[in-house]
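A.B. asks: Here you go, one structure.
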Amino acid sequence: MTIAKNIKNFKAEIPTKVKLVAVSKTKPNEDIMEAFEAGQIIFGENKVQDLAAKAEVLNQEIQWHFIGHLQRNKVKFIAPFVSMIHAVDSLKLLKEINKQAKKNNRIIDCLLQFHIADEDTKFGMDDGEVKELIESTGFSELGNIRIAGVMGMATYTDDMDQIRKEFAKLKGFFEEIKLQYFSNQDSFKEISMGMSGDYKIAIEEGSTMIRVGSAIFGARN
Ligand SMILES: *Cc1c(COP(=O)(O)O)cnc(C)c1O
């Protein structure tokens, strides 16, 4: 199956209200352009250096999402162009994104990363930490970021029931946070969950944004 065909199949398969982030990490520019020419606009990368290099030379209509763990000292390299940052897990990081967005005269969409997996290794905040972040002094003064929703990664397991429970948990967090803090903000609407192995479950559990790499571009080395 070609990349172009995979993109077309995904677009046909997923509901129109679910956005597809094509995760192109480690993949060459030709692969990205094949997907782009098949109609894919949003691409995800998880390394700042790779993202900056690709964004510089590829079509300017591409919307780049940063999906990995972001170090504060690297925000400045992507702030001029990044369209969404998926994995915000601290107020310090959010403040730096705000600062760099301001320098670039931009407002950057951010997702709050929840820790939903049954693993210590994955980044993200729990319910209490997210609330603390939103309620902390300074948060409301961040005029150059927009909280567009939440993001999470399920445990790496074959147990589909567990994955479903974790996605349902994230959806629950989203509803709770929306009700408590963002009820009058239409821009708080995204639930970024689901990858190649579990996107179908994620969509059933309310995902609005799936991040798919290997099912589009083939296995990574
Ligand atoms: C790599 C990656 C993906 C895509 O993974 P696949 O299993 O290849 O679809 C999604 N989200 C994040 C955060 C990633 O790092």
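For the structure tokens, the naming scheme is as follows: chains receive sequential letters (A, B, ...) according to their order of presentation, residues are indexed from 1 within each chain, and ligands are indexed from 1 in presentation order.
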Quick one: residues within 9 Å of Arg211 of chain A, only C-alpha atoms counted, chain neighbours fewer than 5 positions away excluded, as a ChimeraX atom specification?
C.D. replies: /A:19-23,43-44,67,192-196,199
A.B. asks: How would the residues just picked look written out with C-alpha atoms as a PDB file, in the first residue's frame?
C.D. replies:
ATOM      1  CA  LYS A  19      -8.807  15.197  12.623  1.00  0.00           C
ATOM      2  CA  LEU A  20      -5.924  13.094  11.382  1.00  0.00           C
ATOM      3  CA  VAL A  21      -2.409  14.037  12.476  1.00  0.00           C
ATOM      4  CA  ALA A  22       0.013  12.193  10.196  1.00  0.00           C
ATOM      5  CA  VAL A  23       2.987  11.396  12.410  1.00  0.00           C
ATOM      6  CA  PHE A  43       1.715  16.494  10.315  1.00  0.00           C
ATOM      7  CA  GLY A  44       3.165  15.586  13.708  1.00  0.00           C
ATOM      8  CA  ILE A  67       3.548  15.828  19.707  1.00  0.00           C
ATOM      9  CA  SER A 192      -6.010  14.044  21.144  1.00  0.00           C
ATOM     10  CA  MET A 193      -5.923  10.289  21.633  1.00  0.00           C
ATOM     11  CA  GLY A 194      -5.355   7.226  19.486  1.00  0.00           C
ATOM     12  CA  MET A 195      -2.385   5.978  17.441  1.00  0.00           C
ATOM     13  CA  SER A 196      -1.922   3.306  14.753  1.00  0.00           C
ATOM     14  CA  TYR A 199      -7.220   4.743  16.987  1.00  0.00           C
TER      15      TYR A 199
END
A.B. asks: Write as a ChimeraX atom specification the residues around ligand 1, taking 10 Å as the cut-off and counting only C-alpha atoms and all ligand atoms.
C.D. replies: /A:21-26,44-47,66-69,86-87,122-123,151-154,156,192-199,210-220
A.B. asks: Within 7 Å of Ile7 of chain A, counting only C-alpha atoms, which residues show up once you throw out same-chain ones fewer than 6 positions away? Write them as a list in words, please.
C.D. replies: Ala35, Ala38, Gln40 and Ile216 of chain A
A.B. asks: Give the helix (DSSP H, G or I) residues of segment 10-185 of chain A, as DSSP finds them on the backbone, and put them as an MDAnalysis selection string.
C.D. replies: chainID A and resid 10:13 29:37 48:57 72:78 91:103 127:135 139:141 160:181
A.B. asks: Can I get the selected residues back with C-alpha atoms, as a PDB file, in the first residue's frame?
C.D. replies:
ATOM      1  CA  PHE A  10      -7.940   6.966   6.569  1.00  0.00           C
ATOM      2  CA  LYS A  11      -9.890   9.960   5.335  1.00  0.00           C
ATOM      3  CA  ALA A  12     -12.625   7.656   4.077  1.00  0.00           C
ATOM      4  CA  GLU A  13     -12.673   5.593   7.271  1.00  0.00           C
ATOM      5  CA  ASN A  29      10.554  14.683   3.159  1.00  0.00           C
ATOM      6  CA  GLU A  30       9.468  12.704   0.076  1.00  0.00           C
ATOM      7  CA  ASP A  31       7.110  10.646   2.235  1.00  0.00           C
ATOM      8  CA  ILE A  32       5.617  13.777   3.748  1.00  0.00           C
ATOM      9  CA  MET A  33       5.106  15.319   0.331  1.00  0.00           C
ATOM     10  CA  GLU A  34       3.416  12.177  -0.934  1.00  0.00           C
ATOM     11  CA  ALA A  35       0.947  12.406   1.939  1.00  0.00           C
ATOM     12  CA  PHE A  36       0.524  16.156   1.428  1.00  0.00           C
ATOM     13  CA  GLU A  37      -0.231  15.693  -2.252  1.00  0.00           C
ATOM     14  CA  VAL A  48      12.370  19.917  17.679  1.00  0.00           C
ATOM     15  CA  GLN A  49      15.365  19.765  15.367  1.00  0.00           C
ATOM     16  CA  ASP A  50      13.660  17.478  12.848  1.00  0.00           C
ATOM     17  CA  LEU A  51      10.495  19.532  12.915  1.00  0.00           C
ATOM     18  CA  ALA A  52      12.347  22.809  12.327  1.00  0.00           C
ATOM     19  CA  ALA A  53      14.363  21.320   9.468  1.00  0.00           C
ATOM     20  CA  LYS A  54      11.303  19.869   7.738  1.00  0.00           C
ATOM     21  CA  ALA A  55       9.162  22.970   8.210  1.00  0.00           C
ATOM     22  CA  GLU A  56      11.828  25.145   6.671  1.00  0.00           C
ATOM     23  CA  VAL A  57      11.944  23.345   3.346  1.00  0.00           C
ATOM     24  CA  ARG A  72      11.652  24.692  27.543  1.00  0.00           C
ATOM     25  CA  ASN A  73      14.948  25.788  26.002  1.00  0.00           C
ATOM     26  CA  LYS A  74      13.792  24.504  22.604  1.00  0.00           C
ATOM     27  CA  VAL A  75      10.409  26.210  22.390  1.00  0.00           C
ATOM     28  CA  LYS A  76      11.952  29.180  20.575  1.00  0.00           C
ATOM     29  CA  PHE A  77      12.886  27.058  17.574  1.00  0.00           C
ATOM     30  CA  ILE A  78       9.301  26.067  16.780  1.00  0.00           C
ATOM     31  CA  LEU A  91       3.021  25.762  33.930  1.00  0.00           C
ATOM     32  CA  LYS A  92       6.687  26.553  33.357  1.00  0.00           C
ATOM     33  CA  LEU A  93       6.516  25.127  29.865  1.00  0.00           C
ATOM     34  CA  LEU A  94       3.264  26.936  29.167  1.00  0.00           C
ATOM     35  CA  LYS A  95       4.812  30.234  30.275  1.00  0.00           C
ATOM     36  CA  GLU A  96       7.769  29.722  27.950  1.00  0.00           C
ATOM     37  CA  ILE A  97       5.468  28.896  25.032  1.00  0.00           C
ATOM     38  CA  ASN A  98       3.514  32.071  25.824  1.00  0.00           C
ATOM     39  CA  LYS A  99       6.696  34.130  25.918  1.00  0.00           C
ATOM     40  CA  GLN A 100       7.971  32.833  22.603  1.00  0.00           C
ATOM     41  CA  ALA A 101       4.549  33.091  20.973  1.00  0.00           C
ATOM     42  CA  LYS A 102       4.391  36.716  22.059  1.00  0.00           C
ATOM     43  CA  LYS A 103       7.786  37.429  20.512  1.00  0.00           C
ATOM     44  CA  ASP A 127      -6.373  15.585  37.390  1.00  0.00           C
ATOM     45  CA  GLY A 128      -5.151  17.498  40.433  1.00  0.00           C
ATOM     46  CA  GLU A 129      -2.046  18.794  38.715  1.00  0.00           C
ATOM     47  CA  VAL A 130      -4.047  20.043  35.748  1.00  0.00           C
ATOM     48  CA  LYS A 131      -6.442  21.900  38.037  1.00  0.00           C
ATOM     49  CA  GLU A 132      -3.547  23.370  39.978  1.00  0.00           C
ATOM     50  CA  LEU A 133      -2.028  24.598  36.718  1.00  0.00           C
ATOM     51  CA  ILE A 134      -5.253  26.229  35.556  1.00  0.00           C
ATOM     52  CA  GLU A 135      -5.909  27.822  38.950  1.00  0.00           C
ATOM     53  CA  PHE A 139      -2.276  31.296  34.112  1.00  0.00           C
ATOM     54  CA  SER A 140      -5.000  33.764  33.205  1.00  0.00           C
ATOM     55  CA  GLU A 141      -2.406  36.298  32.066  1.00  0.00           C
ATOM     56  CA  MET A 160      -7.828  -3.559  24.513  1.00  0.00           C
ATOM     57  CA  ASP A 161     -10.156  -3.294  27.513  1.00  0.00           C
ATOM     58  CA  GLN A 162      -7.481  -1.481  29.453  1.00  0.00           C
ATOM     59  CA  ILE A 163      -6.806   0.875  26.546  1.00  0.00           C
ATOM     60  CA  ARG A 164     -10.519   1.596  26.249  1.00  0.00           C
ATOM     61  CA  LYS A 165     -10.746   2.379  29.970  1.00  0.00           C
ATOM     62  CA  GLU A 166      -7.818   4.781  29.731  1.00  0.00           C
ATOM     63  CA  PHE A 167      -9.336   6.620  26.771  1.00  0.00           C
ATOM     64  CA  ALA A 168     -12.669   6.805  28.582  1.00  0.00           C
ATOM     65  CA  LYS A 169     -10.823   8.285  31.553  1.00  0.00           C
ATOM     66  CA  LEU A 170      -9.296  10.990  29.361  1.00  0.00           C
ATOM     67  CA  LYS A 171     -12.688  11.797  27.874  1.00  0.00           C
ATOM     68  CA  GLY A 172     -14.019  12.096  31.444  1.00  0.00           C
ATOM     69  CA  PHE A 173     -11.198  14.472  32.406  1.00  0.00           C
ATOM     70  CA  PHE A 174     -11.919  16.536  29.306  1.00  0.00           C
ATOM     71  CA  GLU A 175     -15.612  16.894  30.188  1.00  0.00           C
ATOM     72  CA  GLU A 176     -14.809  17.780  33.785  1.00  0.00           C
ATOM     73  CA  ILE A 177     -12.206  20.415  32.892  1.00  0.00           C
ATOM     74  CA  LYS A 178     -14.439  21.834  30.172  1.00  0.00           C
ATOM     75  CA  LEU A 179     -17.358  22.187  32.566  1.00  0.00           C
ATOM     76  CA  GLN A 180     -15.286  23.676  35.357  1.00  0.00           C
ATOM     77  CA  TYR A 181     -13.031  26.087  33.479  1.00  0.00           C
TER      78      TYR A 181
END
A.B. asks: Using only C-alpha atoms, which residues sit within 7 Å of Val88 of chain A once same-chain residues fewer than 6 positions away are excluded, as a compact mmCIF listing (two decimals) with N, CA, C and O atoms, in the first residue's frame?
C.D. replies:
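As written to disk, result.txt reads:
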# COMPACT_ATOMS: atom_id res chain seq x y z
N LEU A 94 4.32 26.10 29.75
CA LEU A 94 3.26 26.94 29.17
C LEU A 94 3.68 28.41 29.13
O LEU A 94 3.44 29.12 28.15
N CYS A 110 -2.45 24.92 22.45
CA CYS A 110 -1.78 23.92 23.28
C CYS A 110 -2.80 22.93 23.83
O CYS A 110 -3.93 23.30 24.12
N LEU A 111 -2.36 21.69 24.01
CA LEU A 111 -3.17 20.69 24.69
C LEU A 111 -2.52 20.33 26.01
O LEU A 111 -1.28 20.26 26.09
N LEU A 112 -3.33 20.10 27.03
CA LEU A 112 -2.80 19.68 28.32
C LEU A 112 -2.66 18.16 28.33
O LEU A 112 -3.63 17.44 28.07
N GLN A 113 -1.47 17.69 28.62
CA GLN A 113 -1.25 16.24 28.59
C GLN A 113 -1.60 15.60 29.91
O GLN A 113 -1.02 15.91 30.95
A.B. asks: What parts of segment 65-198 of chain A does DSSP call strand (DSSP E)? I'd like the answer as a list of chain:residue names.
C.D. replies: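 Secondary structure check on segment 65-198 of chain A, strand (DSSP E): A:His65, A:Phe66, A:Met84, A:Ile85, A:His86, A:Ala87, A:Val88, A:Ile108, A:Asp109, A:Cys110, A:Leu111, A:Leu112, A:Gln113, A:Phe114, A:Ile145, A:Arg146, A:Ile147, A:Ala148, A:Gly149, A:Val150, A:Met151, A:Gly152, A:Glu190, A:Ile191, A:Ser192.
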A.B. asks: Measure the distance from atom CA of Ala117 of chain A to atom CA of Asp89 of chain A in Å and round it to one decimal.
C.D. replies: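 One can read the atom CA of Ala117 of chain A to atom CA of Asp89 of chain A distance as 14.6 Å.
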A.B. asks: Find the distance between atom CA of Ser187 of chain A and atom CA of Asp109 of chain A and write it in Å to one decimal.
C.D. replies: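 Atom CA of Ser187 of chain A sits 9.1 Å away from atom CA of Asp109 of chain A.
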A.B. asks: Rank nothing, just name the residue among A:Ala202, A:Leu70, A:Ile116, A:Ile191 nearest to Ser90 of chain A, using only C-alpha atoms.
C.D. replies: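 Among A:Ala202, A:Leu70, A:Ile116, A:Ile191, it is A:Leu70 that comes nearest to Ser90 of chain A.
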